[in-house]
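As stored in run-v1.cif (mmCIF, C-alpha atoms and all ligand atoms):
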```
data_run
loop_
_atom_site.label_atom_id
_atom_site.label_comp_id
_atom_site.auth_asym_id
_atom_site.auth_seq_id
_atom_site.Cartn_x
_atom_site.Cartn_y
_atom_site.Cartn_z
CA MET W 101 104.74 -69.86 36.08
CA ALA W 102 103.57 -71.10 32.66
CA ASP W 103 100.71 -69.29 30.91
CA ARG W 104 97.22 -70.57 31.46
CA PRO W 105 96.21 -72.83 28.54
CA VAL W 106 93.61 -71.19 26.31
CA LYS W 107 91.44 -74.24 25.66
CA PRO W 108 88.35 -74.65 27.85
CA VAL W 109 88.32 -77.08 30.75
CA LEU W 110 85.45 -79.51 31.34
CA LEU W 111 84.43 -79.89 35.00
CA THR W 112 82.19 -82.85 35.90
CA GLY W 113 80.33 -82.97 39.22
CA ALA W 114 80.00 -79.19 38.96
CA ALA W 115 76.90 -79.06 41.15
CA GLY W 116 78.60 -80.99 43.97
CA ALA W 117 80.40 -79.53 46.98
CA LEU W 118 83.88 -79.48 45.44
CA GLY W 119 82.57 -78.81 41.94
CA ARG W 120 80.74 -75.65 43.03
CA HIS W 121 83.80 -74.45 44.87
CA LEU W 122 86.12 -75.15 41.91
CA ALA W 123 83.73 -73.63 39.39
CA ALA W 124 83.66 -70.34 41.29
CA ALA W 125 87.34 -70.31 42.26
CA LEU W 126 88.75 -71.26 38.85
CA ALA W 127 86.38 -68.92 36.99
CA ALA W 128 87.54 -66.10 39.26
CA ARG W 129 91.13 -66.97 38.33
CA GLY W 130 90.33 -66.60 34.63
CA TRP W 131 89.68 -70.17 33.49
CA THR W 132 87.03 -70.85 30.85
CA LEU W 133 84.97 -73.75 32.14
CA ARG W 134 82.36 -76.11 30.77
CA LEU W 135 80.35 -77.43 33.68
CA THR W 136 78.28 -80.57 33.82
CA ASP W 137 76.37 -82.61 36.40
CA ILE W 138 73.37 -84.94 36.51
CA VAL W 139 71.49 -82.37 38.60
CA ALA W 140 70.91 -78.69 37.85
CA PHE W 141 73.60 -76.20 38.82
CA PRO W 142 72.40 -74.47 41.98
CA GLY W 143 72.27 -70.70 41.70
CA ALA W 144 73.86 -68.40 39.16
CA LEU W 145 76.63 -69.64 36.88
CA PRO W 146 80.08 -68.13 37.47
CA PRO W 147 81.43 -65.90 34.65
CA ASN W 148 82.98 -67.63 31.61
CA THR W 149 81.17 -70.88 32.32
CA SER W 150 78.40 -72.83 30.60
CA PHE W 151 76.42 -75.70 32.10
CA THR W 152 74.95 -78.88 30.58
CA GLN W 153 72.90 -81.34 32.63
CA THR W 154 74.13 -84.84 31.72
CA ASP W 155 74.47 -88.34 33.12
CA LEU W 156 78.08 -89.60 33.09
CA ALA W 157 76.74 -92.99 32.01
CA ASP W 158 75.27 -91.47 28.82
CA ALA W 159 78.15 -91.80 26.34
CA PRO W 160 76.63 -89.85 23.41
CA ALA W 161 75.79 -86.96 25.75
CA ILE W 162 79.20 -86.85 27.45
CA ALA W 163 81.36 -87.06 24.31
CA PRO W 164 80.56 -83.64 22.77
CA LEU W 165 81.04 -81.85 26.10
CA ALA W 166 84.78 -82.44 25.80
CA ASP W 167 85.04 -81.16 22.19
CA GLY W 168 87.93 -78.71 22.02
CA CYS W 169 88.77 -79.01 25.74
CA GLY W 170 92.40 -79.11 26.87
CA ALA W 171 91.64 -80.83 30.17
CA ILE W 172 88.90 -82.56 32.11
CA LEU W 173 88.50 -82.13 35.86
CA HIS W 174 86.59 -85.29 36.72
CA PHE W 175 84.80 -84.67 40.02
CA GLY W 176 81.41 -86.19 39.16
CA GLY W 177 79.95 -89.47 40.39
CA ILE W 178 79.10 -91.23 43.62
CA SER W 179 81.26 -89.67 46.31
CA ARG W 180 80.48 -91.92 49.28
CA ASP W 181 80.29 -95.52 50.41
CA ARG W 182 77.28 -96.88 48.51
CA PRO W 183 76.11 -100.32 47.28
CA PHE W 184 77.74 -101.70 44.13
CA ASP W 185 74.64 -101.17 41.96
CA GLU W 186 74.66 -97.44 42.71
CA VAL W 187 78.38 -97.07 42.08
CA LEU W 188 78.54 -99.01 38.82
CA ARG W 189 77.07 -96.59 36.27
CA PRO W 190 78.48 -93.25 37.42
CA ASN W 191 81.88 -94.40 38.68
CA ILE W 192 82.82 -97.34 36.48
CA ILE W 193 81.01 -96.72 33.20
CA GLY W 194 81.11 -92.93 33.66
CA VAL W 195 84.86 -92.67 34.18
CA TYR W 196 85.39 -94.83 31.08
CA HIS W 197 83.38 -92.30 29.06
CA ILE W 198 85.56 -89.53 30.46
CA TYR W 199 88.76 -91.32 29.39
CA GLU W 200 87.36 -92.02 25.92
CA ALA W 201 86.54 -88.32 25.55
CA ALA W 202 89.98 -87.31 26.89
CA CYS W 203 91.68 -89.66 24.45
CA ARG W 204 89.80 -88.22 21.46
CA GLU W 205 90.72 -84.68 22.47
CA ARG W 206 94.26 -85.50 23.69
CA ALA W 207 93.11 -83.78 26.88
CA ARG W 208 94.69 -84.16 30.33
CA VAL W 209 92.50 -85.63 33.09
CA VAL W 210 92.64 -84.43 36.68
CA LEU W 211 90.90 -87.27 38.46
CA ALA W 212 89.23 -86.82 41.83
CA SER W 213 90.38 -90.12 43.30
CA SER W 214 90.14 -90.76 47.01
CA ASN W 215 92.01 -91.86 50.11
CA HIS W 216 89.60 -94.83 50.06
CA VAL W 217 91.71 -96.52 47.34
CA VAL W 218 94.11 -97.35 50.19
CA GLY W 219 91.53 -97.47 52.99
CA PHE W 220 92.42 -100.98 54.15
CA HIS W 221 96.00 -100.06 54.96
CA GLU W 222 96.45 -99.97 58.71
CA ARG W 223 96.92 -96.62 60.37
CA SER W 224 100.20 -97.84 61.88
CA GLU W 225 101.65 -98.15 58.35
CA ARG W 226 103.52 -95.46 56.43
CA ILE W 227 102.71 -95.76 52.76
CA ASP W 228 103.86 -93.99 49.62
CA ASP W 229 102.24 -93.51 46.24
CA LEU W 230 103.43 -96.95 45.08
CA ALA W 231 101.80 -98.85 47.97
CA PRO W 232 99.34 -101.52 46.85
CA LEU W 233 95.80 -100.34 46.25
CA MET W 234 93.65 -101.64 49.09
CA PRO W 235 90.13 -100.26 48.67
CA ASP W 236 87.81 -100.26 51.65
CA SER W 237 84.42 -100.16 49.85
CA TYR W 238 82.79 -100.47 46.42
CA TYR W 239 83.28 -96.69 46.26
CA GLY W 240 87.04 -97.03 46.96
CA LEU W 241 87.17 -99.87 44.45
CA SER W 242 85.59 -97.65 41.79
CA LYS W 243 88.25 -94.99 42.44
CA ALA W 244 90.97 -97.64 42.18
CA TYR W 245 89.44 -98.65 38.85
CA GLY W 246 89.61 -95.01 37.77
CA GLU W 247 93.31 -94.87 38.68
CA LEU W 248 94.03 -98.07 36.75
CA LEU W 249 92.05 -96.80 33.78
CA ALA W 250 94.22 -93.68 33.90
CA GLN W 251 97.34 -95.88 33.78
CA LEU W 252 95.96 -97.81 30.81
CA TYR W 253 95.18 -94.66 28.82
CA TRP W 254 98.61 -93.20 29.65
CA LYS W 255 100.53 -96.33 28.66
CA LYS W 256 98.45 -97.09 25.58
CA HIS W 257 97.41 -93.66 24.33
CA GLY W 258 99.59 -91.08 26.11
CA VAL W 259 96.61 -89.49 27.90
CA GLU W 260 98.05 -87.64 30.90
CA SER W 261 96.41 -87.85 34.34
CA VAL W 262 96.92 -86.35 37.75
CA LEU W 263 95.34 -88.67 40.29
CA LEU W 264 94.29 -86.66 43.32
CA ARG W 265 93.91 -89.01 46.29
CA ILE W 266 91.83 -86.52 48.22
CA GLY W 267 91.61 -86.93 51.99
CA SER W 268 88.73 -85.03 53.62
CA CYS W 269 88.05 -81.85 51.65
CA ALA W 270 85.53 -79.72 53.51
CA PRO W 271 85.39 -76.24 55.03
CA GLU W 272 86.66 -77.72 58.32
CA PRO W 273 87.76 -81.14 59.67
CA TRP W 274 85.26 -82.79 62.02
CA ASP W 275 87.11 -85.52 63.96
CA ALA W 276 90.61 -86.91 64.64
CA ARG W 277 90.81 -88.78 61.34
CA SER W 278 89.77 -85.84 59.19
CA LEU W 279 92.13 -83.62 61.20
CA GLY W 280 95.00 -85.64 59.74
CA ILE W 281 93.80 -85.90 56.14
CA TRP W 282 91.98 -82.56 55.80
CA LEU W 283 92.43 -80.65 52.54
CA SER W 284 91.38 -77.01 52.61
CA TYR W 285 89.36 -75.66 49.70
CA ALA W 286 92.12 -73.16 48.96
CA ASP W 287 94.78 -75.91 48.83
CA LEU W 288 92.48 -77.93 46.54
CA THR W 289 92.13 -74.98 44.17
CA ARG W 290 95.88 -74.44 43.99
CA LEU W 291 96.47 -78.17 43.53
CA VAL W 292 93.97 -78.40 40.68
CA GLU W 293 95.41 -75.32 39.02
CA ARG W 294 98.94 -76.73 39.19
CA ALA W 295 97.63 -80.06 37.87
CA LEU W 296 96.21 -78.18 34.89
CA MET W 297 99.27 -76.05 34.22
CA ALA W 298 102.31 -78.21 34.97
CA ARG W 299 104.16 -79.55 31.97
CA ASP W 300 104.59 -83.25 31.18
CA VAL W 301 102.86 -84.82 34.16
CA GLY W 302 102.51 -88.31 32.71
CA CYS W 303 100.28 -90.31 35.07
CA GLU W 304 100.99 -89.49 38.69
CA VAL W 305 99.45 -89.60 42.16
CA VAL W 306 99.25 -86.69 44.61
CA TRP W 307 97.98 -87.08 48.19
CA GLY W 308 95.34 -84.41 48.64
CA ALA W 309 95.92 -83.19 52.18
CA SER W 310 96.94 -79.87 53.69
CA LYS W 311 100.06 -79.39 55.81
CA ASN W 312 98.54 -81.06 58.88
CA ALA W 313 100.89 -81.89 61.75
CA SER W 314 98.85 -84.99 62.64
CA LEU W 315 99.17 -86.58 59.16
CA SER W 316 101.75 -89.37 59.24
CA TRP W 317 100.30 -92.00 56.90
CA TRP W 318 101.33 -90.84 53.43
CA SER W 319 104.56 -89.80 51.74
CA ASN W 320 106.13 -89.44 48.30
CA ASP W 321 104.05 -88.23 45.43
CA ALA W 322 104.26 -86.01 42.36
CA ARG W 323 103.74 -82.66 44.10
CA ALA W 324 107.24 -81.42 43.24
CA LYS W 325 106.65 -82.26 39.58
CA LEU W 326 103.45 -80.19 39.68
CA GLY W 327 105.02 -77.36 41.68
CA TRP W 328 102.41 -77.72 44.46
CA GLU W 329 102.84 -77.56 48.21
CA PRO W 330 99.89 -77.19 50.58
CA ALA W 331 99.76 -73.85 52.35
CA ASP W 332 96.99 -74.46 54.90
CA SER W 333 96.93 -76.63 57.99
CA SER W 334 94.31 -78.21 60.24
CA ASP W 335 96.47 -77.58 63.31
CA ARG W 336 94.22 -74.83 64.64
CA PHE W 337 91.45 -77.44 65.08
CA ALA W 338 93.67 -79.95 66.90
CA SER W 339 92.82 -79.04 70.48
CA ARG W 340 89.12 -79.53 69.74
CA LEU W 341 89.35 -82.66 67.54
CA ALA W 342 92.45 -84.71 68.37
CA GLN W 343 90.55 -86.88 70.85
CA LYS W 344 87.36 -87.12 68.82
CA ARG W 345 87.55 -90.77 67.77
CA SER W 346 84.99 -93.41 66.90
CA ASP W 347 84.41 -96.30 69.29
CA ASN W 348 84.57 -98.81 66.43
CA PRO W 349 87.89 -100.74 66.48
CA ILE W 350 87.76 -101.40 62.72
CA SER W 351 87.27 -97.70 61.92
CA GLU W 352 90.19 -96.84 64.19
CA ARG W 353 92.48 -99.52 62.80
CA TYR W 354 92.32 -98.70 59.10
CA MET W 355 93.01 -95.52 57.16
CA GLY W 356 89.56 -95.61 55.56
CA GLY W 357 87.82 -95.28 58.93
CA ASP W 358 84.07 -95.92 58.77
CA TYR W 359 84.26 -96.94 55.11
CA ALA W 360 86.42 -99.92 56.18
CA ALA W 361 84.12 -100.74 59.08
CA ASN W 362 80.86 -100.48 57.16
CA GLY W 363 79.50 -104.00 56.53
CA TYR W 364 82.68 -105.62 57.95
CA SER W 365 81.80 -109.25 58.67
CA ARG W 366 85.16 -110.92 59.15
CA PRO W 367 86.18 -112.13 62.61
CA LEU W 368 88.68 -109.58 63.94
CA VAL W 369 92.19 -110.55 62.79
CA ALA W 370 95.16 -109.67 65.02
CA PRO W 371 97.43 -107.07 63.41
CA GLU W 372 100.41 -109.48 63.45
CA GLU W 373 98.39 -112.16 61.69
CA GLU W 374 97.22 -109.66 59.08
CA LYS W 375 100.80 -108.58 58.35
CA ASN W 376 101.65 -112.22 57.56
CA GLU W 377 98.79 -112.32 55.05
CA ARG W 378 100.57 -109.65 53.09
CA SER W 379 103.92 -111.42 52.98
CA PRO W 380 104.73 -112.85 49.55
CA PRO W 381 104.42 -116.65 49.43
CA THR W 382 107.69 -118.42 50.25
P1 LIG W 401 79.46 -84.49 45.78
O1 LIG W 401 78.65 -85.72 45.99
O2 LIG W 401 79.05 -83.25 46.48
O3 LIG W 401 79.55 -84.19 44.22
C1 LIG W 401 79.52 -85.19 43.24
C2 LIG W 401 78.65 -84.70 42.10
O4 LIG W 401 78.59 -85.72 41.11
C3 LIG W 401 77.20 -84.40 42.54
O5 LIG W 401 76.84 -83.07 42.21
C4 LIG W 401 76.38 -85.40 41.75
O6 LIG W 401 75.13 -84.89 41.31
C5 LIG W 401 77.28 -85.72 40.57
N1 LIG W 401 76.94 -87.00 39.99
C6 LIG W 401 76.61 -88.14 40.65
N2 LIG W 401 76.24 -89.09 39.76
C7 LIG W 401 76.37 -88.55 38.54
C8 LIG W 401 76.13 -89.03 37.24
N3 LIG W 401 75.69 -90.27 37.00
N4 LIG W 401 76.34 -88.19 36.19
C9 LIG W 401 76.77 -86.94 36.39
N5 LIG W 401 77.02 -86.41 37.61
C10 LIG W 401 76.81 -87.21 38.67
O7 LIG W 401 80.96 -84.88 46.16
P2 LIG W 401 82.20 -83.93 46.44
O8 LIG W 401 82.47 -83.96 47.89
O9 LIG W 401 82.03 -82.64 45.74
O10 LIG W 401 83.38 -84.74 45.73
C11 LIG W 401 83.74 -84.49 44.38
C12 LIG W 401 84.65 -85.61 43.92
O11 LIG W 401 85.79 -85.68 44.74
C13 LIG W 401 83.99 -86.99 43.95
O12 LIG W 401 84.43 -87.73 42.84
C14 LIG W 401 84.53 -87.60 45.22
O13 LIG W 401 84.59 -89.01 45.13
C15 LIG W 401 85.92 -86.99 45.26
N6 LIG W 401 86.42 -86.92 46.63
C16 LIG W 401 85.89 -86.00 47.52
C17 LIG W 401 86.36 -85.94 48.81
C18 LIG W 401 85.87 -84.93 49.80
O14 LIG W 401 86.39 -84.93 50.91
N7 LIG W 401 84.90 -84.08 49.46
C19 LIG W 401 87.40 -86.88 49.27
C20 LIG W 401 87.88 -87.79 48.27
C21 LIG W 401 87.40 -87.78 47.00
C1 LIG W 402 85.77 -89.42 50.32
O1 LIG W 402 86.25 -90.03 49.37
C2 LIG W 402 84.41 -88.83 50.25
O2 LIG W 402 84.12 -88.32 48.96
C3 LIG W 402 84.19 -87.72 51.25
O3 LIG W 402 82.78 -87.50 51.36
C4 LIG W 402 84.76 -88.08 52.63
O4 LIG W 402 84.04 -89.12 53.18
C5 LIG W 402 86.23 -88.45 52.48
O5 LIG W 402 86.44 -89.43 51.50
C6 LIG W 402 86.84 -88.94 53.79
O6 LIG W 402 87.46 -89.99 53.80
O7 LIG W 402 86.71 -88.21 54.79
#
```

Rewrite the structure from the file as structure tokens, please.
Ligand code: NAI
Ligand code: 15L
Amino acid sequence: MADRPVKPVLLTGAAGALGRHLAAALAARGWTLRLTDIVAFPGALPPNTSFTQTDLADAPAIAPLADGCGAILHFGGISRDRPFDEVLRPNIIGVYHIYEAACRERARVVLASSNHVVGFHERSERIDDLAPLMPDSYYGLSKAYGELLAQLYWKKHGVESVLLRIGSCAPEPWDARSLGIWLSYADLTRLVERALMARDVGCEVVWGASKNASLSWWSNDARAKLGWEPADSSDRFASRLAQKRSDNPISERYMGGDYAANGYSRPLVAPEEEKNERSPPT
């Protein structure tokens, strides 16, 4: 395995659920981290870390945080289905500030994208990392914007990105959907570490899910290039959760689940009819 880079790593969203986990886990593995979030860091800082309270939408405040950093782990911002006005500043303007900072520093970005960039694909489909983006919410749309921004900065400026399309990353899955797309905290840590250390990643997508027997939706990504394979599995929760489904037909039809169903106002379209919508014009 390559040596750990010596430059510090900036972690946004450090006070959030995944940020707190990564701050502790990566610090324990010897990484030097600069942490930031719009809210105070809860509790004591892990060793070899510093913390600055900043709004991602505040360009002059964000820029110096990346000075001298070799990589940015971008986990900050709105992390749920919220109205457009709430998503705009942190997730659209904020991610632009992160890419501007990365470009100045020639730093790699590990972007916490989301399964909700493809949330309007039907669960009966099998999609790979080149499948069309089909966001299920303003939140999913903001993550799709982040992925496209990453492509732009790679093509135009050579800024590398690993786009982590995270499924459901939590201590445990909670229903049938999350059983399939669950990512354990330990698999997340190893994935992020490989995303930091792998050579020449370019701009690539990885599906962020553990080795769950019930996951059939996603295939093909850059995991081999990173040298990452998930080690954990949700299978031990299957007997309790496999039948725990929502009673909303929209949630159950699309990969994004409740995010797809939330605010859905279209008359229900038959699956066959919807497939025709996707056919290229003849
Ligand atoms: P979280 O909501 O716990 O953490 C997000 C952090 O971003 C919070 O601490 C919040 O204060 C901070 N933040 C929000 N607005 C900000 C702003 N304007 N400026 C600076 N910081 C701001 O979310 P979680 O679960 O830790 O997720 C982390 C990242 O991973 C998010 O980007 C989320 O979209 C992404 N993700 C998480 C998944 C999961 O299952 N936990 C699944 C897919 C993606
Ligand atoms: C996400 O993108 C969210 O950040 C997280 O809170 C979960 O809702 C997850 O997706 C999911 O789809 O379960």

Query raised in the report: Between W:Pro371, W:Gly168, W:Gly240, W:Pro330, which is the closest to ligand LIG 402 (chain W) once you count only C-alpha atoms and all ligand atoms?
Result: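 Ranking W:Pro371, W:Gly168, W:Gly240, W:Pro330 by distance to ligand LIG 402 (chain W), first place goes to W:Gly240.
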
Need the axis-aligned box for region 335-353 of chain W with 6 Å each side, so what are the centre and edges in Å to one decimal, as AutoDock Vina command-line options?
```
--center_x 90.4 --center_y -88.1 --center_z 66.4 --size_x 24.1 --size_y 38.6 --size_z 20.9
```

**Report entry** Selected residue of minimal separation from Ile266 (chain W) among W:Val292, W:Leu248, W:Leu368, W:Val195, counting only C-alpha atoms
**Finding:**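 Ranked by minimum distance to Ile266 (chain W), first place goes to W:Val292.
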
Query - Residues near Ala360 (chain W), cut-off 7 Å, all atoms listed in the file, skip fewer than 6 positions along chain, as a list in words - result: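 Near neighbours after the sequence-gap exclusion: Gly219, Phe220, Asp236, Ser237, Ile350, Ser351 and Tyr354 of chain W.
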
How would the residues just picked look written out with C-alpha atoms as a tab-separated table (two decimals), in the coordinates of the input?
```tsv
chain	number	residue	atom	x	y	z
W	219	GLY	CA	91.53	-97.47	52.99
W	220	PHE	CA	92.42	-100.98	54.15
W	236	ASP	CA	87.81	-100.26	51.65
W	237	SER	CA	84.42	-100.16	49.85
W	350	ILE	CA	87.76	-101.40	62.72
W	351	SER	CA	87.27	-97.70	61.92
W	354	TYR	CA	92.32	-98.70	59.10
```

Counting only C-alpha atoms and all ligand atoms, which residues of chain W fall within 8 Å of ligand LIG 401 (chain W), and what is the closest atom pair for each with its distance in Å at one decimal, ordered by chain and rising number, as a tab-separated table?
```
residue	atom	partner	partner_atom	distance
W:Thr112	CA	W:LIG401	N5	6.5
W:Gly113	CA	W:LIG401	C2	3.8
W:Ala114	CA	W:LIG401	O5	6.0
W:Ala115	CA	W:LIG401	O5	4.1
W:Gly116	CA	W:LIG401	O5	3.2
W:Ala117	CA	W:LIG401	O9	3.7
W:Leu118	CA	W:LIG401	O9	3.7
W:Gly119	CA	W:LIG401	O9	5.4
W:Arg120	CA	W:LIG401	O9	7.6
W:Thr136	CA	W:LIG401	C9	7.0
W:Asp137	CA	W:LIG401	N5	4.0
W:Ile138	CA	W:LIG401	C9	3.9
W:Val139	CA	W:LIG401	O6	5.2
W:Gln153	CA	W:LIG401	C9	7.8
W:Thr154	CA	W:LIG401	C9	5.8
W:Asp155	CA	W:LIG401	N4	3.6
W:Leu156	CA	W:LIG401	N4	3.8
W:Ala157	CA	W:LIG401	N3	5.8
W:His174	CA	W:LIG401	O12	6.9
W:Phe175	CA	W:LIG401	C12	4.0
W:Gly176	CA	W:LIG401	O4	3.5
W:Gly177	CA	W:LIG401	C6	3.6
W:Ile178	CA	W:LIG401	C6	5.0
W:Ser179	CA	W:LIG401	O13	3.6
W:Arg180	CA	W:LIG401	O13	6.5
W:Arg189	CA	W:LIG401	N3	6.5
W:Pro190	CA	W:LIG401	N3	4.1
W:Asn191	CA	W:LIG401	N3	7.6
W:Gly194	CA	W:LIG401	N3	6.9
W:Leu211	CA	W:LIG401	O12	7.8
W:Ala212	CA	W:LIG401	O11	4.6
W:Ser213	CA	W:LIG401	C21	5.3
W:Ser214	CA	W:LIG401	C20	3.9
W:Asn215	CA	W:LIG401	C20	6.1
W:His216	CA	W:LIG401	C20	7.5
W:Tyr239	CA	W:LIG401	O13	7.9
W:Lys243	CA	W:LIG401	O13	7.5
W:Leu264	CA	W:LIG401	C21	7.9
W:Arg265	CA	W:LIG401	C20	6.5
W:Ile266	CA	W:LIG401	C20	4.1
W:Gly267	CA	W:LIG401	C19	5.0
W:Ser268	CA	W:LIG401	O14	3.6
W:Cys269	CA	W:LIG401	O14	3.6
W:Ala270	CA	W:LIG401	O14	5.9
W:Trp282	CA	W:LIG401	O14	7.8
W:Leu283	CA	W:LIG401	O14	7.6
```

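Distances from W:Ser224, W:Asn348, W:Ser339, W:Ser278 to ligand LIG 402 (chain W) were compared using all atoms listed in the file, and the smallest one belongs to W:Ser278.
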
Counting all atoms listed in the file, which residues in region 173-210 of chain W sit no more than 12 Å from region 304-319 of chain W? For each one, give the nearest pair of atoms and the distance in Å, sorted by chain then residue number, as CSV.
```
residue,atom,partner,partner_atom,distance
W:Arg208,CA,W:Glu304,CA,11.7
W:Val209,CA,W:Glu304,CA,10.9
W:Val210,CA,W:Glu304,CA,10.0
```

Query raised in the report: From the list W:Val259, W:Leu249, W:Ile162, W:Leu233, which residue is nearest Ala202 (chain W) when using only C-alpha atoms?
Result: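 Result for the nearest residue to Ala202 (chain W): W:Val259.
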
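Atom pair CA of Leu135 (chain W) / CA of Val301 (chain W) has a distance of 23.7 Å (rounded to one decimal).
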
Query raised in the report: Just how far from CA of Ser284 (chain W) is CA of Pro271 (chain W), in Å to one decimal?
Result: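 Taking CA of Pro271 (chain W) and CA of Ser284 (chain W), their separation equals 6.5 Å.
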
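Separating atom C4 of ligand LIG 402 (chain W) from CA of Leu126 (chain W) is a distance of 22.1 Å.
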
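Residue nearest ligand LIG 402 (chain W), chosen from W:Asp332, W:Asp358, W:Glu222, W:Glu293 and counting all atoms listed in the file: W:Asp358.
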
Query raised in the report: With only C-alpha atoms as the basis for distance, which of W:Arg340, W:Tyr245, W:Gln251, W:Val262 is at the shortest distance from Leu173 (chain W)?
Result: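 Using only C-alpha atoms, the shortest distance to Leu173 (chain W) belongs to W:Val262.
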
Report task. Would you mind listing what lies within 6 Å of Ile172 (chain W) as a list in words, with only C-alpha atoms counted and same-chain residues fewer than 6 positions away left out? Result -> Val109, Leu110, Leu111 and Val209 of chain W

Just want the 12 Å neighbourhood of Val369 (chain W), counted on all atoms listed in the file, with same-chain residues fewer than 6 positions away dropped. Output as a PDB file with C-alpha atoms, in the frame of the given file.
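Output file around-v7.pdb follows:
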```pdb
ATOM      1  CA  PRO W 349      87.890-100.740  66.480  1.00  0.00           C
ATOM      2  CA  ILE W 350      87.760-101.400  62.720  1.00  0.00           C
ATOM      3  CA  ARG W 353      92.480 -99.520  62.800  1.00  0.00           C
ATOM      4  CA  LYS W 375     100.800-108.580  58.350  1.00  0.00           C
ATOM      5  CA  ASN W 376     101.650-112.220  57.560  1.00  0.00           C
ATOM      6  CA  GLU W 377      98.790-112.320  55.050  1.00  0.00           C
TER       7      GLU W 377
END
```

Take the point (82.7, -80.3, 27.2) as written in the file and pick out every residue within 6 Å of it, counting all atoms listed in the file; give the list as a short mmCIF file (atom, residue, chain, number, x, y, z; two decimals) with C-alpha atoms, keeping the file's coordinate frame.
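Final output, saved to point39.cif:
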```cif
data_model
loop_
_atom_site.label_atom_id
_atom_site.label_comp_id
_atom_site.auth_asym_id
_atom_site.auth_seq_id
_atom_site.Cartn_x
_atom_site.Cartn_y
_atom_site.Cartn_z
CA LEU W 110 85.45 -79.51 31.34
CA ARG W 134 82.36 -76.11 30.77
CA PRO W 164 80.56 -83.64 22.77
CA LEU W 165 81.04 -81.85 26.10
CA ALA W 166 84.78 -82.44 25.80
CA ASP W 167 85.04 -81.16 22.19
#
```
